[in-house]
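Asks: Following this line is structure-v6.csv, made up of CSV, C-alpha atoms:
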```csv
chain,number,residue,atom,x,y,z
E,1488,MET,CA,-6.1,17.8,15.3
E,1489,SER,CA,-8.4,16.1,17.8
E,1490,TRP,CA,-11.9,17.4,18.2
E,1491,SER,CA,-11.0,18.6,21.7
E,1492,GLU,CA,-8.2,20.7,20.3
E,1493,VAL,CA,-10.5,22.1,17.6
E,1494,ALA,CA,-13.0,23.0,20.3
E,1495,ARG,CA,-10.3,24.9,22.4
E,1496,CYS,CA,-9.0,26.8,19.3
E,1497,PHE,CA,-12.5,28.0,18.4
E,1498,GLN,CA,-13.6,28.5,22.0
E,1499,THR,CA,-16.5,26.2,21.7
E,1500,SER,CA,-17.6,22.8,23.1
E,1501,TRP,CA,-16.7,19.3,22.0
E,1502,ASP,CA,-20.4,18.7,21.3
E,1503,HIS,CA,-20.5,21.6,18.8
E,1504,VAL,CA,-17.5,20.2,16.9
E,1505,TYR,CA,-19.1,16.7,16.9
E,1506,ARG,CA,-22.4,17.9,15.6
E,1507,SER,CA,-20.6,19.9,12.9
E,1508,VAL,CA,-18.6,16.9,11.7
E,1509,LYS,CA,-21.7,14.7,11.9
E,1510,SER,CA,-23.7,17.0,9.6
E,1511,ILE,CA,-20.9,17.1,7.0
E,1512,VAL,CA,-20.5,13.2,7.2
E,1513,GLU,CA,-24.3,12.7,6.8
E,1514,TYR,CA,-24.3,15.1,3.8
E,1515,GLY,CA,-21.3,13.2,2.3
E,1516,LEU,CA,-22.8,9.8,2.8
E,1517,SER,CA,-26.1,10.8,1.1
E,1518,HIS,CA,-24.3,12.3,-1.9
E,1519,ARG,CA,-21.3,10.0,-2.5
E,1520,GLN,CA,-20.9,7.9,-5.6
E,1521,LEU,CA,-20.9,4.2,-5.1
E,1522,SER,CA,-21.0,3.0,-8.7
E,1523,GLY,CA,-18.1,1.8,-10.8
E,1524,ILE,CA,-16.2,0.2,-7.9
E,1525,LYS,CA,-13.9,-2.5,-9.3
E,1526,ALA,CA,-12.0,-3.8,-6.2
E,1527,ILE,CA,-12.8,-3.9,-2.5
E,1528,GLY,CA,-11.0,-5.1,0.6
E,1529,VAL,CA,-12.8,-6.6,3.6
E,1530,ASP,CA,-11.3,-6.8,7.0
E,1531,GLU,CA,-12.0,-6.4,10.7
E,1532,ILE,CA,-10.3,-4.6,13.5
E,1533,GLN,CA,-10.6,-4.9,17.2
E,1534,TYR,CA,-11.4,-1.8,19.3
E,1535,GLY,CA,-12.3,-0.9,22.8
E,1536,LYS,CA,-12.1,-3.3,25.8
E,1537,GLY,CA,-12.9,-7.0,25.3
E,1538,HIS,CA,-13.6,-8.7,22.0
E,1539,GLN,CA,-15.3,-5.8,20.2
E,1540,TYR,CA,-14.8,-5.8,16.4
E,1541,LEU,CA,-15.7,-3.6,13.5
E,1542,THR,CA,-16.2,-4.8,9.9
E,1543,LEU,CA,-14.6,-2.5,7.4
E,1544,VAL,CA,-14.9,-2.4,3.6
E,1545,TYR,CA,-12.5,-0.4,1.5
E,1546,GLN,CA,-12.4,0.6,-2.1
E,1547,VAL,CA,-8.9,-0.4,-3.3
E,1548,ASP,CA,-9.0,0.5,-7.0
E,1549,ALA,CA,-5.7,1.8,-8.4
E,1550,GLY,CA,-5.6,5.6,-7.5
E,1551,HIS,CA,-8.8,5.5,-5.6
E,1552,LYS,CA,-8.7,4.2,-2.0
E,1553,ARG,CA,-11.3,5.0,0.5
E,1554,LEU,CA,-13.5,3.7,3.4
E,1555,LEU,CA,-16.8,2.5,2.0
E,1556,HIS,CA,-18.5,0.8,5.0
E,1557,ILE,CA,-18.4,0.4,8.7
E,1558,ALA,CA,-20.5,-2.1,10.8
E,1559,PRO,CA,-20.3,-3.4,14.3
E,1560,LYS,CA,-19.1,-7.0,15.0
E,1561,ARG,CA,-17.8,-9.3,12.3
E,1562,THR,CA,-20.8,-11.4,11.4
E,1563,VAL,CA,-22.6,-12.3,8.2
E,1564,LYS,CA,-25.0,-9.4,8.9
E,1565,SER,CA,-22.2,-6.9,9.3
E,1566,LEU,CA,-20.9,-7.5,5.7
E,1567,LEU,CA,-24.3,-8.2,4.1
E,1568,SER,CA,-25.4,-4.6,5.0
E,1569,PHE,CA,-22.7,-3.3,2.6
E,1570,PHE,CA,-23.9,-5.3,-0.4
E,1571,ARG,CA,-27.5,-4.3,0.3
E,1572,GLN,CA,-26.4,-0.7,0.3
E,1573,ILE,CA,-24.7,-0.8,-3.1
E,1574,GLY,CA,-27.4,-3.0,-4.7
E,1575,ARG,CA,-27.2,-5.6,-7.4
E,1576,ASP,CA,-25.6,-3.3,-10.0
E,1577,GLY,CA,-22.9,-2.3,-7.6
E,1578,CYS,CA,-22.1,-6.0,-6.8
E,1579,GLU,CA,-21.9,-6.8,-10.5
E,1580,SER,CA,-19.3,-4.1,-11.1
E,1581,ILE,CA,-16.9,-5.5,-8.6
E,1582,ASP,CA,-14.2,-7.7,-10.2
E,1583,TYR,CA,-11.8,-8.2,-7.3
E,1584,VAL,CA,-12.2,-8.7,-3.6
E,1585,CYS,CA,-9.5,-9.2,-0.9
E,1586,SER,CA,-10.3,-10.7,2.5
E,1587,ASP,CA,-9.0,-13.0,5.2
E,1588,MET,CA,-10.2,-16.5,6.0
E,1589,TRP,CA,-13.0,-15.5,8.4
E,1590,LYS,CA,-15.8,-17.9,7.6
E,1591,PRO,CA,-18.7,-15.3,7.8
E,1592,TYR,CA,-16.9,-13.1,5.2
E,1593,LEU,CA,-16.2,-16.0,2.9
E,1594,LYS,CA,-19.8,-17.1,3.0
E,1595,VAL,CA,-21.2,-13.6,2.1
E,1596,ILE,CA,-18.6,-13.0,-0.6
E,1597,ARG,CA,-19.3,-16.3,-2.2
E,1598,LYS,CA,-23.0,-15.5,-2.3
E,1599,LYS,CA,-22.9,-11.9,-3.3
E,1600,LEU,CA,-19.9,-11.8,-5.6
E,1601,PRO,CA,-19.9,-15.2,-7.4
E,1602,THR,CA,-18.1,-13.9,-10.5
E,1603,ALA,CA,-15.5,-11.7,-8.8
E,1604,LEU,CA,-11.9,-12.9,-8.3
E,1605,HIS,CA,-11.6,-13.5,-4.5
E,1606,ILE,CA,-8.0,-13.0,-3.4
E,1607,LEU,CA,-7.1,-14.4,0.0
E,1608,ASP,CA,-5.3,-12.1,2.3
E,1609,ARG,CA,-1.5,-12.7,2.1
E,1610,PHE,CA,-0.9,-10.8,5.3
E,1611,HIS,CA,-3.0,-13.2,7.4
E,1612,ILE,CA,-1.5,-16.3,5.8
E,1613,VAL,CA,2.0,-15.1,6.8
E,1614,ALA,CA,0.7,-14.2,10.3
E,1615,MET,CA,-0.8,-17.7,10.7
E,1616,LEU,CA,2.5,-19.3,9.7
E,1617,ASN,CA,4.4,-17.1,12.1
E,1618,LYS,CA,2.0,-18.1,14.9
E,1619,ALA,CA,2.6,-21.8,14.1
E,1620,VAL,CA,6.3,-21.3,14.2
E,1621,ASP,CA,6.1,-19.5,17.6
E,1622,GLU,CA,3.9,-22.3,19.0
E,1623,VAL,CA,6.7,-24.8,18.1
E,1624,ARG,CA,9.3,-22.5,19.7
E,1625,ARG,CA,7.4,-21.9,22.9
E,1626,SER,CA,6.6,-25.6,23.4
E,1627,GLU,CA,10.2,-26.6,22.8
E,1628,ALA,CA,11.6,-23.9,25.0
E,1629,LYS,CA,9.4,-25.1,27.9
E,1630,ARG,CA,10.6,-28.7,27.3
E,1631,LEU,CA,14.3,-27.7,27.2
E,1632,ARG,CA,14.0,-25.7,30.5
E,1633,GLU,CA,12.4,-28.7,32.2
E,1634,GLN,CA,15.3,-30.9,31.0
E,1635,GLY,CA,17.9,-28.4,32.3
E,1636,TYR,CA,18.9,-26.8,29.0
E,1637,GLU,CA,18.1,-23.3,29.9
E,1638,GLY,CA,19.1,-20.4,27.7
E,1639,VAL,CA,19.0,-22.2,24.4
E,1640,LEU,CA,15.8,-20.6,23.1
E,1641,ASP,CA,15.5,-17.7,25.5
E,1642,HIS,CA,14.9,-14.3,23.9
E,1643,SER,CA,14.6,-15.9,20.4
E,1644,LYS,CA,11.0,-15.2,19.6
E,1645,TYR,CA,11.7,-12.3,17.1
E,1646,CYS,CA,14.8,-14.1,15.8
E,1647,PHE,CA,12.4,-16.6,14.3
E,1648,LEU,CA,9.5,-14.3,13.3
E,1649,LYS,CA,11.3,-11.4,11.7
E,1650,ASN,CA,12.6,-11.3,8.1
E,1651,GLU,CA,16.3,-11.7,8.0
E,1652,GLU,CA,16.9,-8.2,6.7
E,1653,ASN,CA,15.0,-6.7,9.7
E,1654,LEU,CA,17.0,-8.5,12.4
E,1655,THR,CA,19.1,-6.4,14.8
E,1656,GLU,CA,22.7,-7.3,15.1
E,1657,LYS,CA,22.1,-9.0,18.5
E,1658,GLN,CA,19.1,-10.9,17.0
E,1659,ALA,CA,21.1,-12.0,14.0
E,1660,LEU,CA,23.9,-13.4,16.3
E,1661,LYS,CA,21.3,-15.2,18.4
E,1662,LEU,CA,19.7,-16.8,15.4
E,1663,LYS,CA,23.1,-17.9,14.0
E,1664,ASP,CA,23.8,-19.6,17.3
E,1665,VAL,CA,20.4,-21.4,17.5
E,1666,LEU,CA,20.5,-22.6,13.9
E,1667,GLN,CA,23.5,-24.8,14.9
E,1668,PHE,CA,21.3,-27.0,17.0
E,1669,ASP,CA,19.0,-29.9,15.7
E,1670,LEU,CA,15.8,-28.4,17.1
E,1671,LYS,CA,12.1,-28.6,16.1
E,1672,SER,CA,12.1,-24.8,16.2
E,1673,VAL,CA,14.9,-24.7,13.6
E,1674,ARG,CA,13.0,-27.0,11.3
E,1675,ALA,CA,9.9,-24.8,11.7
E,1676,TYR,CA,11.9,-21.7,11.0
E,1677,LEU,CA,13.5,-23.2,7.8
E,1678,LEU,CA,10.0,-24.2,6.6
E,1679,LYS,CA,8.8,-20.6,7.2
E,1680,GLU,CA,11.7,-19.2,5.2
E,1681,SER,CA,11.2,-21.6,2.3
E,1682,PHE,CA,7.5,-20.7,2.1
E,1683,GLN,CA,8.5,-17.1,1.2
E,1684,LEU,CA,9.6,-18.4,-2.2
E,1685,PHE,CA,6.0,-19.2,-3.0
E,1686,TRP,CA,5.1,-15.5,-3.3
E,1687,ARG,CA,7.9,-14.8,-5.8
E,1688,TYR,CA,6.4,-17.0,-8.5
E,1689,ARG,CA,4.6,-15.3,-11.4
E,1690,SER,CA,3.0,-18.3,-13.0
E,1691,PRO,CA,-0.1,-19.7,-11.2
E,1692,TYR,CA,0.9,-23.2,-12.5
E,1693,TRP,CA,4.4,-23.2,-11.0
E,1694,ALA,CA,3.2,-21.4,-7.8
E,1695,ARG,CA,0.7,-24.2,-7.3
E,1696,TRP,CA,3.4,-26.8,-8.0
E,1697,TYR,CA,5.7,-25.3,-5.4
E,1698,LEU,CA,2.9,-25.0,-2.8
E,1699,LYS,CA,2.1,-28.7,-3.1
E,1700,LYS,CA,5.8,-29.6,-2.7
E,1701,TRP,CA,6.1,-27.4,0.3
E,1702,CYS,CA,2.9,-28.7,1.9
E,1703,THR,CA,4.1,-32.3,1.5
E,1704,ARG,CA,7.5,-31.5,3.1
E,1705,ALA,CA,5.7,-29.6,5.9
E,1706,MET,CA,3.4,-32.5,6.7
E,1707,ARG,CA,6.4,-34.8,7.0
E,1708,SER,CA,8.0,-32.4,9.6
E,1709,LYS,CA,5.9,-34.0,12.4
E,1710,LEU,CA,5.3,-30.5,13.8
E,1711,ASP,CA,1.6,-30.3,14.8
E,1712,PRO,CA,1.2,-26.5,14.5
E,1713,ILE,CA,2.8,-26.5,11.1
E,1714,LYS,CA,0.6,-29.5,10.0
E,1715,LYS,CA,-2.5,-27.6,11.2
E,1716,PHE,CA,-1.4,-24.6,9.1
E,1717,VAL,CA,-0.9,-26.8,6.0
E,1718,LYS,CA,-4.5,-28.2,6.4
E,1719,THR,CA,-5.8,-24.6,6.4
E,1720,LEU,CA,-3.8,-23.8,3.3
E,1721,ARG,CA,-5.2,-26.8,1.5
E,1722,ARG,CA,-8.7,-25.8,2.3
E,1723,HIS,CA,-8.2,-22.4,0.8
E,1724,GLU,CA,-5.7,-23.2,-2.0
E,1725,GLU,CA,-7.9,-21.9,-4.8
E,1726,LEU,CA,-8.4,-18.5,-3.2
E,1727,MET,CA,-4.6,-18.2,-2.6
E,1728,MET,CA,-4.0,-18.9,-6.3
E,1729,ASN,CA,-6.2,-16.0,-7.3
E,1730,TRP,CA,-3.5,-13.7,-6.2
E,1731,PHE,CA,-1.4,-14.9,-9.1
E,1732,LYS,CA,-4.3,-14.8,-11.5
E,1733,ALA,CA,-4.8,-11.1,-10.6
E,1734,LYS,CA,-1.1,-10.5,-11.6
E,1735,LYS,CA,-0.4,-9.6,-8.0
E,1736,ALA,CA,-2.2,-6.3,-8.6
E,1737,TYR,CA,-4.4,-6.5,-5.5
E,1738,SER,CA,-3.3,-7.7,-2.1
E,1739,SER,CA,-4.0,-7.1,1.6
E,1740,GLY,CA,-1.1,-4.7,1.9
E,1741,THR,CA,-3.4,-1.8,0.9
E,1742,VAL,CA,-6.0,-2.9,3.4
E,1743,GLU,CA,-3.5,-3.2,6.2
E,1744,GLY,CA,-2.2,0.3,5.4
E,1745,LEU,CA,-5.8,1.6,5.7
E,1746,ASN,CA,-6.3,-0.3,8.9
E,1747,ARG,CA,-3.2,1.5,10.4
E,1748,LYS,CA,-4.9,4.8,9.5
E,1749,VAL,CA,-8.0,3.6,11.4
E,1750,ASN,CA,-5.9,2.9,14.4
E,1751,LEU,CA,-4.3,6.4,14.2
E,1752,VAL,CA,-7.7,8.0,14.1
E,1753,THR,CA,-8.9,6.2,17.2
E,1754,ARG,CA,-5.6,6.6,19.0
E,1755,LYS,CA,-5.7,10.3,18.5
E,1756,ALA,CA,-8.9,10.4,20.5
E,1757,TYR,CA,-7.5,7.9,23.0
E,1758,GLY,CA,-10.2,5.5,21.8
E,1759,TYR,CA,-13.8,6.4,21.1
E,1760,LYS,CA,-16.1,5.0,23.8
E,1761,SER,CA,-19.1,5.3,21.5
E,1762,TYR,CA,-19.4,3.3,18.3
E,1763,ASP,CA,-21.5,6.1,16.6
E,1764,VAL,CA,-18.8,8.7,17.4
E,1765,MET,CA,-16.0,6.5,16.0
E,1766,LYS,CA,-18.0,5.8,12.9
E,1767,ILE,CA,-18.5,9.5,12.2
E,1768,ALA,CA,-14.7,10.2,12.8
E,1769,LEU,CA,-13.6,7.4,10.5
E,1770,TYR,CA,-15.9,8.4,7.6
E,1771,HIS,CA,-14.9,12.0,8.0
E,1772,THR,CA,-11.2,11.1,7.9
E,1773,MET,CA,-11.1,8.2,5.4
E,1774,GLY,CA,-14.3,8.3,3.4
E,1775,GLN,CA,-13.3,10.9,0.8
E,1776,LEU,CA,-16.8,12.2,1.1
E,1777,PRO,CA,-18.2,15.1,-1.0
E,1778,VAL,CA,-18.7,18.3,1.0
E,1779,PRO,CA,-21.5,20.8,0.5
E,1780,GLU,CA,-20.9,24.0,-1.4
E,1781,THR,CA,-21.8,26.1,1.6
E,1782,THR,CA,-21.1,25.2,5.2
E,1783,HIS,CA,-24.2,26.8,6.7
E,1784,ARG,CA,-27.9,26.5,5.7
E,1785,PHE,CA,-28.3,30.3,5.8
E,1786,CYS,CA,-25.4,31.0,3.3
```
Hey, can you dump this file as structure tokens for me?
Replies:
Amino acid sequence: MSWSEVARCFQTSWDHVYRSVKSIVEYGLSHRQLSGIKAIGVDEIQYGKGHQYLTLVYQVDAGHKRLLHIAPKRTVKSLLSFFRQIGRDGCESIDYVCSDMWKPYLKVIRKKLPTALHILDRFHIVAMLNKAVDEVRRSEAKRLREQGYEGVLDHSKYCFLKNEENLTEKQALKLKDVLQFDLKSVRAYLLKESFQLFWRYRSPYWARWYLKKWCTRAMRSKLDPIKKFVKTLRRHEELMMNWFKAKKAYSSGTVEGLNRKVNLVTRKAYGYKSYDVMKIALYHTMGQLPVPETTHRFC
């Protein structure tokens, strides 16, 4: 229930509900246990109007997933505040960390967790490749329209971006028709599909072998967005290979699932206008915080 609904049910005001939740969250944050954390996930989400971001840190240990830290923006300072909170002992206990390729996060993780296995976010890698494929498609669709070949790539965006098993019947037919043409978009799509094989390897050695072969083929495609994506992969190759070294036990899938819960919490309130209110709501919902034995100081 939203806080407004709770206030109506108990015939009180929204402010009373907020203060009650805030007191419980403050108690929980001061009494929670932050030792023994083995794996964390770091990500950012956009909220509110404009480019407003939150830095989020989750515990993603097997059987224990919770929100550990919220900070405004997505800067070095935003993530550093978490590591200062858990201290040196807390940092030394962390063995695995999942993140995307955001430079401030990479810098802080490299400094604070030098011995942890840093696993690059698979979700964002796939999203980057999809973005590159879509850039090729949009550029070619514009060129074809200017040359009088209208309709060839119209309404084909999700045909190229979706996995084959997720296509609707209409999208599958459209894709089948488009694949018959010798187009740059078709080459980009086939490269995207062949890249999926990389994630199926178990051995880091053979996964690296396949990645190098794929990157060489992609660079010869003469597709600038794809070549830009390959250069990014090569810069972060070692972090990608850590996913295989961790036996695929940790990935960004858990982090993305938790991010969806964050979006549900904010959507339920039609978006929190105040950062402090949103912070309280997220800790209350996802922090798994301890609660006091009594709910009132006079009990």
Asks: Given only C-alpha atoms as the basis, pick out the residue of E:Leu1670, E:Leu1554, E:Ile1767, E:Met1773 nearest to Ser1510 in chain E.
Replies: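 Comparing E:Leu1670, E:Leu1554, E:Ile1767, E:Met1773 against Ser1510 in chain E, the winner is E:Ile1767.
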Asks: For Ala1733 in chain E, please output as number ranges by chain all residues within 12 Å (counting only C-alpha atoms; exclusion window: fewer than 2 positions along the same chain).
Replies: E: 1526, 1582-1585, 1603-1607, 1689-1691, 1726-1731, 1735-1738
Asks: Go through E:Arg1747, E:Lys1629, E:His1642, E:Lys1525 and flag the residue nearest Ala1549 in chain E, using only C-alpha atoms for the distances.
Replies: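 When distances to Ala1549 in chain E are compared using only C-alpha atoms, the smallest one comes from E:Lys1525.
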Asks: I'd like the contact shell of Lys1718 in chain E - 10 Å cut-off, only C-alpha atoms, skipping same-chain residues fewer than 6 positions apart - returned as a list in words.
Replies: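 Counting only C-alpha atoms, the residues come to Cys1702, Met1706 and Glu1724 of chain E.
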Asks: Out of E:Lys1590, E:Leu1720, E:Pro1559, E:Arg1707, which residue has the shortest atom-to-atom distance to His1538 in chain E when counting all atoms listed in the file?
Replies: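 Between E:Lys1590, E:Leu1720, E:Pro1559, E:Arg1707, the residue approaching His1538 in chain E most closely is E:Pro1559.
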Asks: Using all atoms listed in the file, which residue out of E:Asn1750, E:Asn1617, E:Thr1562, E:Ser1626 lies closest to Pro1591 in chain E?
Replies: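 Using all atoms listed in the file, the shortest distance to Pro1591 in chain E belongs to E:Thr1562.
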Asks: Can you tell me how far CA of Ser1708 in chain E sits from CA of Arg1721 in chain E, in Å to one decimal?
Replies: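 Interatomic distance here is 16.5 Å.
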Asks: To one decimal place, how far is CA of Ala1768 in chain E from CA of Asn1746 in chain E in Å?
Replies: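 About the pair CA of Ala1768 in chain E and CA of Asn1746 in chain E: they are 14.0 Å apart.
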Asks: I'd like to know which of E:Lys1699, E:Arg1625, E:Lys1671, E:Lys1618 is closest to Leu1648 in chain E, using only C-alpha atoms.
Replies: E:Lys1618
Asks: Extract, using all atoms listed in the file, all DNA, RNA and protein residues at most 12 Å from Asp1763 in chain E, discarding same-chain residues fewer than 2 positions from it, and format them as JSON, numbers by chain.
Replies: {"E": [1505, 1506, 1509, 1512, 1541, 1557, 1558, 1559, 1759, 1760, 1761, 1765, 1766, 1767, 1768, 1769, 1770]}
Asks: Give me, as a PyMOL selection string, all polymer residues having an atom no more than 10 Å from Thr1655 in chain E, counting all atoms listed in the file and skipping those fewer than 5 positions away in the same chain.
Replies: chain E and resi 1645-1646+1649+1660-1661
Asks: Could you check which of E:Arg1630, E:Arg1687, E:Lys1644, E:His1518 is closest to Val1673 in chain E, using only C-alpha atoms?
Replies: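 Looking at the shortest contact to Val1673 in chain E, the residue is E:Lys1644.
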Asks: CA of Gly1638 in chain E and CA of Lys1657 in chain E, how far apart in Å?
Replies: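 Atom-to-atom, CA of Lys1657 in chain E and CA of Gly1638 in chain E are spaced 15.0 Å apart.
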Asks: Hey, what's within 8 Å of Val1639 in chain E if we count all atoms listed in the file and toss same-chain stuff fewer than 6 positions away? As a VMD selection string, please?
Replies: chain E and resid 1628 1631 1665
